[in-house]
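J.: Got protein_9.txt for you, compact mmCIF, C-alpha atoms and all ligand atoms:
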# COMPACT_ATOMS: atom_id res chain seq x y z
CA MET I 1 28.10 95.33 -40.05
CA LYS I 2 27.03 94.63 -43.56
CA TRP I 3 26.19 97.23 -46.16
CA LYS I 4 24.36 95.75 -49.10
CA SER I 5 25.56 98.47 -51.43
CA ALA I 6 29.19 97.68 -50.59
CA ALA I 7 28.92 93.93 -51.24
CA SER I 8 32.07 92.80 -52.98
CA PRO I 9 31.66 89.63 -55.04
CA THR I 10 34.78 88.09 -53.47
CA ALA I 11 34.04 88.98 -49.84
CA PHE I 12 32.91 86.35 -47.33
CA ARG I 13 29.13 86.02 -47.40
CA ALA I 14 27.06 83.43 -45.53
CA ASP I 15 23.33 82.82 -45.92
CA LEU I 16 22.00 81.63 -42.56
CA HIS I 17 18.36 80.92 -43.43
CA CYS I 18 17.24 78.42 -46.07
CA HIS I 19 15.06 75.33 -46.40
CA SER I 20 15.74 72.00 -48.09
CA THR I 21 13.55 69.11 -49.27
CA CYS I 22 13.79 67.81 -45.67
CA SER I 23 11.08 70.41 -44.88
CA ASP I 24 9.33 72.70 -47.36
CA GLY I 25 12.13 73.67 -49.75
CA THR I 26 12.54 72.32 -53.28
CA TYR I 27 16.36 71.90 -53.30
CA SER I 28 17.91 68.85 -51.63
CA PRO I 29 20.59 69.59 -48.99
CA VAL I 30 23.31 68.62 -51.50
CA GLU I 31 21.76 70.88 -54.16
CA LEU I 32 21.60 73.75 -51.65
CA VAL I 33 25.31 73.43 -50.87
CA ALA I 34 26.15 73.25 -54.59
CA HIS I 35 23.93 76.27 -55.30
CA ALA I 36 25.61 78.21 -52.48
CA LYS I 37 28.99 77.43 -54.03
CA ALA I 38 27.81 78.37 -57.53
CA ILE I 39 26.61 81.83 -56.45
CA GLY I 40 29.85 82.54 -54.57
CA LEU I 41 28.75 82.15 -50.95
CA SER I 42 31.44 81.12 -48.46
CA GLY I 43 29.18 79.94 -45.65
CA LEU I 44 25.75 78.46 -45.15
CA SER I 45 23.35 77.29 -42.49
CA ILE I 46 20.38 75.13 -43.50
CA THR I 47 17.44 75.96 -41.23
CA ASP I 48 14.72 73.44 -42.00
CA HIS I 49 11.45 73.58 -40.08
CA ASP I 50 11.70 71.36 -36.99
CA THR I 51 14.29 68.94 -38.45
CA ILE I 52 18.06 68.63 -38.71
CA ASP I 53 17.94 65.74 -41.21
CA ALA I 54 19.57 67.88 -43.93
CA TYR I 55 22.95 67.68 -42.19
CA ALA I 56 23.46 63.96 -42.87
CA THR I 57 24.02 64.71 -46.57
CA ALA I 58 24.88 68.44 -46.36
CA LEU I 59 27.97 67.87 -44.19
CA PRO I 60 29.94 65.73 -46.68
CA ALA I 61 28.76 67.94 -49.56
CA ALA I 62 29.98 71.08 -47.77
CA ARG I 63 33.35 69.48 -47.08
CA GLU I 64 33.68 68.53 -50.72
CA GLN I 65 32.63 71.96 -52.03
CA GLY I 66 34.62 74.00 -49.50
CA ILE I 67 31.54 75.67 -48.02
CA VAL I 68 31.69 76.50 -44.30
CA LEU I 69 28.53 74.95 -42.88
CA GLY I 70 27.14 75.94 -39.48
CA THR I 71 24.38 73.92 -37.84
CA GLY I 72 20.90 75.43 -37.99
CA VAL I 73 17.20 74.74 -37.52
CA GLU I 74 13.96 76.78 -37.48
CA PHE I 75 11.63 75.69 -34.67
CA SER I 76 7.92 76.56 -34.64
CA CYS I 77 6.56 77.91 -31.34
CA MET I 78 3.28 79.39 -30.18
CA PHE I 79 3.21 82.50 -28.00
CA LYS I 80 -0.09 84.07 -26.92
CA GLY I 81 -1.85 82.55 -29.92
CA TRP I 82 0.79 83.73 -32.39
CA SER I 83 2.97 81.43 -34.45
CA ILE I 84 6.61 82.43 -33.78
CA HIS I 85 9.71 80.99 -35.44
CA LEU I 86 12.97 80.54 -33.55
CA LEU I 87 16.27 79.97 -35.33
CA GLY I 88 18.74 77.72 -33.53
CA TYR I 89 22.42 77.89 -34.55
CA ASP I 90 25.72 76.32 -33.58
CA PHE I 91 24.16 73.49 -31.56
CA SER I 92 25.60 69.96 -31.50
CA LEU I 93 23.85 67.75 -34.05
CA ASP I 94 24.16 64.71 -31.80
CA ASP I 95 22.53 66.38 -28.80
CA PRO I 96 19.69 64.14 -27.52
CA GLY I 97 17.57 67.15 -26.47
CA ILE I 98 17.59 68.66 -29.98
CA GLN I 99 16.90 65.27 -31.56
CA ALA I 100 13.98 64.61 -29.17
CA LEU I 101 12.50 68.05 -29.89
CA CYS I 102 12.67 67.41 -33.66
CA GLN I 103 10.98 64.03 -33.11
CA ARG I 104 8.28 65.64 -30.96
CA HIS I 105 7.61 68.17 -33.72
CA GLN I 106 7.21 65.40 -36.29
CA VAL I 107 4.50 63.76 -34.14
CA ARG I 108 2.87 67.19 -33.67
CA ARG I 109 2.96 67.75 -37.43
CA THR I 110 1.38 64.38 -38.26
CA HIS I 111 -1.56 65.06 -35.90
CA ARG I 112 -1.84 68.67 -36.98
CA ASN I 113 -1.82 67.86 -40.70
CA GLN I 114 -4.68 65.41 -40.12
CA ALA I 115 -6.61 68.05 -38.16
CA ILE I 116 -6.08 70.56 -41.01
CA LEU I 117 -7.36 67.98 -43.54
CA ASP I 118 -10.44 67.48 -41.30
CA GLN I 119 -11.09 71.23 -41.37
CA LEU I 120 -10.68 71.35 -45.14
CA ALA I 121 -13.06 68.39 -45.61
CA ARG I 122 -15.64 70.26 -43.51
CA ALA I 123 -15.18 73.24 -45.82
CA GLY I 124 -15.92 71.00 -48.84
CA MET I 125 -12.29 70.47 -49.92
CA PRO I 126 -11.52 66.82 -49.16
CA ILE I 127 -7.91 65.63 -49.32
CA ALA I 128 -7.08 62.05 -48.29
CA GLU I 129 -4.12 61.60 -45.95
CA GLU I 130 -2.58 59.31 -48.57
CA GLU I 131 -2.38 62.29 -50.93
CA LEU I 132 0.31 63.71 -48.64
CA HIS I 133 2.30 60.45 -48.64
CA ARG I 134 3.95 61.28 -51.94
CA PHE I 135 5.96 63.99 -50.18
CA GLY I 136 7.66 61.14 -48.34
CA ASP I 137 9.24 61.20 -44.92
CA LYS I 138 9.86 64.88 -44.31
CA SER I 139 8.93 67.67 -41.94
CA MET I 140 5.61 68.26 -43.64
CA GLY I 141 3.15 71.08 -43.08
CA ARG I 142 0.91 73.72 -44.55
CA PRO I 143 2.97 74.40 -47.72
CA HIS I 144 2.55 70.74 -48.78
CA ILE I 145 -1.19 70.81 -48.09
CA ALA I 146 -1.42 74.11 -50.00
CA GLN I 147 0.27 72.49 -53.01
CA VAL I 148 -2.29 69.67 -53.07
CA MET I 149 -5.10 72.25 -52.73
CA VAL I 150 -3.81 73.99 -55.87
CA GLU I 151 -3.49 70.69 -57.77
CA LYS I 152 -7.06 69.73 -56.86
CA GLY I 153 -8.34 73.11 -58.04
CA TYR I 154 -9.56 74.23 -54.61
CA VAL I 155 -7.46 77.41 -54.83
CA LYS I 156 -5.54 79.15 -57.59
CA SER I 157 -2.21 79.49 -55.80
CA ILE I 158 -0.28 78.61 -52.63
CA PRO I 159 -0.52 82.20 -51.28
CA GLU I 160 -4.29 82.05 -51.85
CA ALA I 161 -4.48 78.78 -49.88
CA PHE I 162 -2.80 80.55 -46.94
CA GLN I 163 -4.82 83.73 -47.33
CA LEU I 164 -8.19 81.97 -47.35
CA TYR I 165 -7.71 78.79 -45.31
CA LEU I 166 -4.30 77.86 -43.90
CA GLY I 167 -2.83 81.11 -42.60
CA ASP I 168 -2.74 81.80 -38.83
CA GLY I 169 -6.31 82.27 -37.57
CA LYS I 170 -7.94 81.34 -40.91
CA ARG I 171 -10.70 78.78 -41.37
CA ALA I 172 -8.55 75.63 -41.56
CA PHE I 173 -5.74 76.82 -39.28
CA VAL I 174 -4.80 74.42 -36.49
CA PRO I 175 -1.90 75.28 -34.14
CA GLY I 176 -1.32 71.67 -33.07
CA ASP I 177 0.49 70.65 -29.88
CA ALA I 178 2.45 73.82 -29.50
CA VAL I 179 5.93 73.89 -27.99
CA SER I 180 6.62 76.96 -25.87
CA ILE I 181 9.37 79.51 -26.47
CA PRO I 182 11.13 79.06 -23.08
CA GLU I 183 11.22 75.30 -23.55
CA THR I 184 12.62 75.60 -27.08
CA ILE I 185 15.27 78.08 -25.95
CA GLU I 186 16.28 75.84 -23.05
CA ILE I 187 16.72 72.85 -25.36
CA ILE I 188 18.84 74.79 -27.90
CA HIS I 189 20.97 76.23 -25.10
CA GLY I 190 21.29 72.72 -23.64
CA ALA I 191 22.77 71.66 -26.99
CA LYS I 192 25.34 74.50 -26.76
CA GLY I 193 23.43 76.44 -29.41
CA LYS I 194 22.31 80.04 -29.82
CA VAL I 195 18.72 81.20 -30.33
CA PHE I 196 17.59 83.96 -32.67
CA LEU I 197 14.16 85.50 -33.19
CA ALA I 198 13.36 84.81 -36.87
CA HIS I 199 11.91 87.41 -39.29
CA PRO I 200 10.71 89.81 -36.55
CA HIS I 201 9.04 92.04 -39.16
CA LEU I 202 6.34 89.34 -39.52
CA ILE I 203 5.37 89.93 -35.87
CA ASN I 204 3.43 93.07 -36.54
CA ARG I 205 2.90 94.16 -32.96
CA ASN I 206 5.72 96.02 -31.27
CA HIS I 207 4.65 95.13 -27.70
CA LEU I 208 4.78 91.44 -28.66
CA ILE I 209 8.39 91.80 -29.81
CA GLN I 210 9.28 93.53 -26.55
CA GLU I 211 7.63 90.72 -24.59
CA LEU I 212 9.38 88.06 -26.66
CA LEU I 213 12.79 89.62 -26.11
CA LYS I 214 12.38 89.17 -22.34
CA PHE I 215 13.16 85.50 -23.01
CA PRO I 216 16.88 84.65 -23.08
CA PHE I 217 17.43 85.10 -26.84
CA ASP I 218 20.98 85.38 -28.12
CA GLY I 219 20.14 87.38 -31.20
CA ILE I 220 17.72 88.77 -33.77
CA GLU I 221 17.48 88.01 -37.50
CA CYS I 222 18.12 91.52 -38.83
CA TYR I 223 18.91 90.81 -42.51
CA TYR I 224 16.09 89.01 -44.26
CA GLY I 225 15.02 88.07 -47.79
CA ARG I 226 15.12 91.04 -50.11
CA PHE I 227 15.21 93.61 -47.31
CA LEU I 228 16.65 96.98 -48.23
CA ALA I 229 19.24 98.51 -45.89
CA ALA I 230 16.52 100.86 -44.58
CA GLN I 231 14.38 97.91 -43.48
CA GLU I 232 17.33 96.29 -41.70
CA LYS I 233 18.07 99.42 -39.71
CA ARG I 234 15.19 98.99 -37.22
CA TRP I 235 16.32 95.50 -36.28
CA LEU I 236 20.02 96.34 -36.12
CA LYS I 237 19.17 99.19 -33.75
CA LEU I 238 17.05 96.89 -31.58
CA ALA I 239 19.78 94.21 -31.46
CA LYS I 240 22.30 96.86 -30.40
CA GLU I 241 19.97 98.24 -27.71
CA LYS I 242 19.35 94.78 -26.29
CA LYS I 243 23.02 93.74 -26.67
CA LEU I 244 22.02 90.84 -28.91
CA LEU I 245 23.82 89.16 -31.80
CA VAL I 246 22.76 89.73 -35.41
CA SER I 247 21.89 87.08 -38.00
CA GLY I 248 20.57 87.09 -41.53
CA GLY I 249 19.57 85.04 -44.51
CA SER I 250 17.30 84.72 -47.50
CA ASP I 251 14.69 82.21 -46.19
CA PHE I 252 15.22 80.51 -49.55
CA HIS I 253 12.64 77.79 -50.31
CA GLY I 254 13.63 77.06 -53.93
CA THR I 255 11.14 77.29 -56.76
CA VAL I 256 8.07 77.66 -54.49
CA LYS I 257 9.20 81.15 -53.41
CA ALA I 258 11.39 82.19 -56.31
CA TYR I 259 11.19 85.84 -55.25
CA GLN I 260 13.55 85.11 -52.32
CA PRO I 261 16.72 83.74 -53.97
CA LEU I 262 19.56 82.15 -51.99
CA GLY I 263 22.03 84.85 -50.96
CA ALA I 264 19.39 87.63 -51.09
CA SER I 265 20.46 88.39 -47.52
CA TRP I 266 23.65 87.26 -45.82
CA VAL I 267 26.10 87.98 -43.01
CA ASP I 268 29.76 88.91 -43.24
CA GLU I 269 32.66 86.97 -41.77
CA SER I 270 32.78 88.62 -38.34
CA THR I 271 29.01 88.29 -37.87
CA PHE I 272 29.21 84.64 -38.95
CA TYR I 273 31.99 83.77 -36.50
CA ALA I 274 30.25 85.61 -33.65
CA ILE I 275 27.45 83.04 -34.05
CA PHE I 276 29.37 79.91 -34.99
CA THR I 277 32.00 79.07 -32.45
CA HIS I 278 32.11 75.28 -32.44
CA ALA I 279 29.59 73.40 -34.63
CA LEU I 280 31.28 74.09 -37.95
CA VAL I 281 32.27 72.00 -40.91
CA ARG I 282 34.93 73.17 -43.28
P1 LIG Q 301 4.00 75.22 -41.10
O1 LIG Q 301 5.44 74.88 -40.89
O2 LIG Q 301 3.16 74.05 -41.49
O3 LIG Q 301 3.40 75.99 -39.95
O4 LIG Q 301 3.98 76.21 -42.35
C1 LIG Q 301 4.69 77.42 -42.26
C2 LIG Q 301 5.43 77.68 -43.56
O5 LIG Q 301 4.47 77.93 -44.57
C3 LIG Q 301 6.27 78.94 -43.54
O6 LIG Q 301 7.52 78.73 -42.98
C4 LIG Q 301 6.36 79.26 -45.00
O7 LIG Q 301 7.32 78.47 -45.63
C5 LIG Q 301 4.99 78.87 -45.51
N1 LIG Q 301 4.06 80.01 -45.58
C6 LIG Q 301 3.54 80.72 -44.56
N2 LIG Q 301 2.70 81.67 -45.00
C7 LIG Q 301 2.68 81.58 -46.36
C8 LIG Q 301 2.03 82.29 -47.40
N3 LIG Q 301 1.18 83.29 -47.13
N4 LIG Q 301 2.27 81.91 -48.68
C9 LIG Q 301 3.13 80.90 -48.94
N5 LIG Q 301 3.78 80.20 -48.00
C10 LIG Q 301 3.57 80.53 -46.73
ZN ZN Q 302 9.09 77.30 -44.79
FE FE Q 303 9.97 81.15 -40.65
FE FE Q 304 12.24 79.86 -42.83
If you took the structure in this file and wrote it as structure tokens, what would it be?

T.:
Amino acid sequence: MKWKSAASPTAFRADLHCHSTCSDGTYSPVELVAHAKAIGLSGLSITDHDTIDAYATALPAAREQGIVLGTGVEFSCMFKGWSIHLLGYDFSLDDPGIQALCQRHQVRRTHRNQAILDQLARAGMPIAEEELHRFGDKSMGRPHIAQVMVEKGYVKSIPEAFQLYLGDGKRAFVPGDAVSIPETIEIIHGAKGKVFLAHPHLINRNHLIQELLKFPFDGIECYYGRFLAAQEKRWLKLAKEKKLLVSGGSDFHGTVKAYQPLGASWVDESTFYAIFTHALVR
């Protein structure tokens, strides 16, 4: 187990939760790998929202930089009206089931983004679909829409856009064609991967967590962002009780969420190799 206070600068540390420009991060996959190297991380998993595109360029970069790269993805699911994120690790990148699920999410996102823009137009904040085209071909969602809302002067900041309009249950929130948790877990398992419940502290109802953990999860994300050891304790205890694996990472998004730097949370070598048993690049 990891103790933040005992972190030696030379010890193995791996950040297992970060986003690249393939979804809503501001660092490209190659820049993420280089940044990981520069801050002394040994291992990394890039967990973009609903896409594994980062690996095409991250794999050769990791090989070159000597960073151990484990496959990762963060899938969006809906459960009882709540938006829940699942982290998939150690799956095969060439698995057709994983690739089809990513593709399905991209279709869902295109329709959902349009539905969100319709809601915003109704609320007197028009944004043309073309205004999202500049973000290019990526796993696009609410953070990109929020950025345009700020630029157009509809809101003062990205957090305000979520708080007033885009956040779960708010005026312009649209869930889209949700994918269920059991289906997502089955697909990740079918690709020889492991499934972790992401940032459980954001699910602020204990009974919901208990219900979620009845699904065949492999682990829980216990180390997160700038968590203090005291905040990690609850999740480490739960993982132990349920005999589940432990994961952790910063949820780094680059400059859009500068308060969560890469490496803010990490796992040690034994925790890393308990998760990653085959889909590794080194
Ligand atoms: P989406 O993938 O379109 O459902 O958007 C979810 C993403 O939006 C999350 O993974 C975060 O990166 C971002 N996000 C969610 N809530 C907020 C918030 N309150 N402020 C800023 N970003 C947020
Ligand atoms: Zn994100
Ligand atoms: Fe998330
Ligand atoms: Fe994330």

J.: Rank I:Gly225, I:Pro143, I:Pro200, I:Gly219 by their smallest atom-to-atom distance to ligand LIG 301 (chain Q), using all atoms listed in the file, and report the top residue only.

T.: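 Among the listed residues, the smallest separation from ligand LIG 301 (chain Q) belongs to I:Pro143.
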
J.: Atom O1 of ligand LIG 301 (chain Q) to CA of Ile116 in chain I: how many Å, to one decimal?

T.: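 Spanning atom O1 of ligand LIG 301 (chain Q) to CA of Ile116 in chain I is a straight-line distance of 12.3 Å.
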
J.: Given only C-alpha atoms and all ligand atoms, how would the per-residue table for chain I near ligand FE 304 (chain Q) read, listing every residue at most 12 Å away with its closest atom pair and distance in Å to one decimal, sorted by chain and number, as a Markdown table?

T.:
| residue | atom | partner | partner_atom | distance |
| --- | --- | --- | --- | --- |
| I:Asp15 | CA | Q:FE304 | FE | 11.9 |
| I:Leu16 | CA | Q:FE304 | FE | 9.9 |
| I:His17 | CA | Q:FE304 | FE | 6.2 |
| I:Cys18 | CA | Q:FE304 | FE | 6.1 |
| I:His19 | CA | Q:FE304 | FE | 6.4 |
| I:Ser20 | CA | Q:FE304 | FE | 10.1 |
| I:Ser23 | CA | Q:FE304 | FE | 9.7 |
| I:Asp24 | CA | Q:FE304 | FE | 9.0 |
| I:Gly25 | CA | Q:FE304 | FE | 9.3 |
| I:Ser45 | CA | Q:FE304 | FE | 11.4 |
| I:Ile46 | CA | Q:FE304 | FE | 9.4 |
| I:Thr47 | CA | Q:FE304 | FE | 6.7 |
| I:Asp48 | CA | Q:FE304 | FE | 6.9 |
| I:His49 | CA | Q:FE304 | FE | 6.9 |
| I:Asp50 | CA | Q:FE304 | FE | 10.3 |
| I:Thr51 | CA | Q:FE304 | FE | 11.9 |
| I:Gly72 | CA | Q:FE304 | FE | 10.9 |
| I:Val73 | CA | Q:FE304 | FE | 8.9 |
| I:Glu74 | CA | Q:FE304 | FE | 6.4 |
| I:Phe75 | CA | Q:FE304 | FE | 9.2 |
| I:Ser76 | CA | Q:FE304 | FE | 9.8 |
| I:Ile84 | CA | Q:FE304 | FE | 11.0 |
| I:His85 | CA | Q:FE304 | FE | 7.9 |
| I:Leu86 | CA | Q:FE304 | FE | 9.3 |
| I:Leu87 | CA | Q:FE304 | FE | 8.5 |
| I:Gly88 | CA | Q:FE304 | FE | 11.5 |
| I:Pro143 | CA | Q:FE304 | FE | 11.8 |
| I:Leu197 | CA | Q:FE304 | FE | 11.3 |
| I:Ala198 | CA | Q:FE304 | FE | 7.8 |
| I:His199 | CA | Q:FE304 | FE | 8.3 |
| I:Pro200 | CA | Q:FE304 | FE | 11.9 |
| I:Leu202 | CA | Q:FE304 | FE | 11.6 |
| I:Glu221 | CA | Q:FE304 | FE | 11.1 |
| I:Tyr224 | CA | Q:FE304 | FE | 10.0 |
| I:Gly225 | CA | Q:FE304 | FE | 10.0 |
| I:Gly248 | CA | Q:FE304 | FE | 11.1 |
| I:Gly249 | CA | Q:FE304 | FE | 9.1 |
| I:Ser250 | CA | Q:FE304 | FE | 8.4 |
| I:Asp251 | CA | Q:FE304 | FE | 4.8 |
| I:Phe252 | CA | Q:FE304 | FE | 7.4 |
| I:His253 | CA | Q:FE304 | FE | 7.8 |
| I:Gly254 | CA | Q:FE304 | FE | 11.5 |
| I:Lys257 | CA | Q:FE304 | FE | 11.1 |
| I:Gln260 | CA | Q:FE304 | FE | 10.9 |
| I:Leu262 | CA | Q:FE304 | FE | 11.9 |

J.: What does the structure give for the distance between atom C1 of ligand LIG 301 (chain Q) and CA of Arg112 in chain I, in Å to one decimal?

T.: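 Distance reported for this atom pair: 12.1 Å.
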
J.: Give me the residues near range 101-111 of chain I as an MDAnalysis selection string, where near means some atom within 7 Å (using all atoms listed in the file) and where sequence neighbours in that chain fewer than 5 positions away do not count.

T.: chainID I and resid 50:51 139:141 176:177
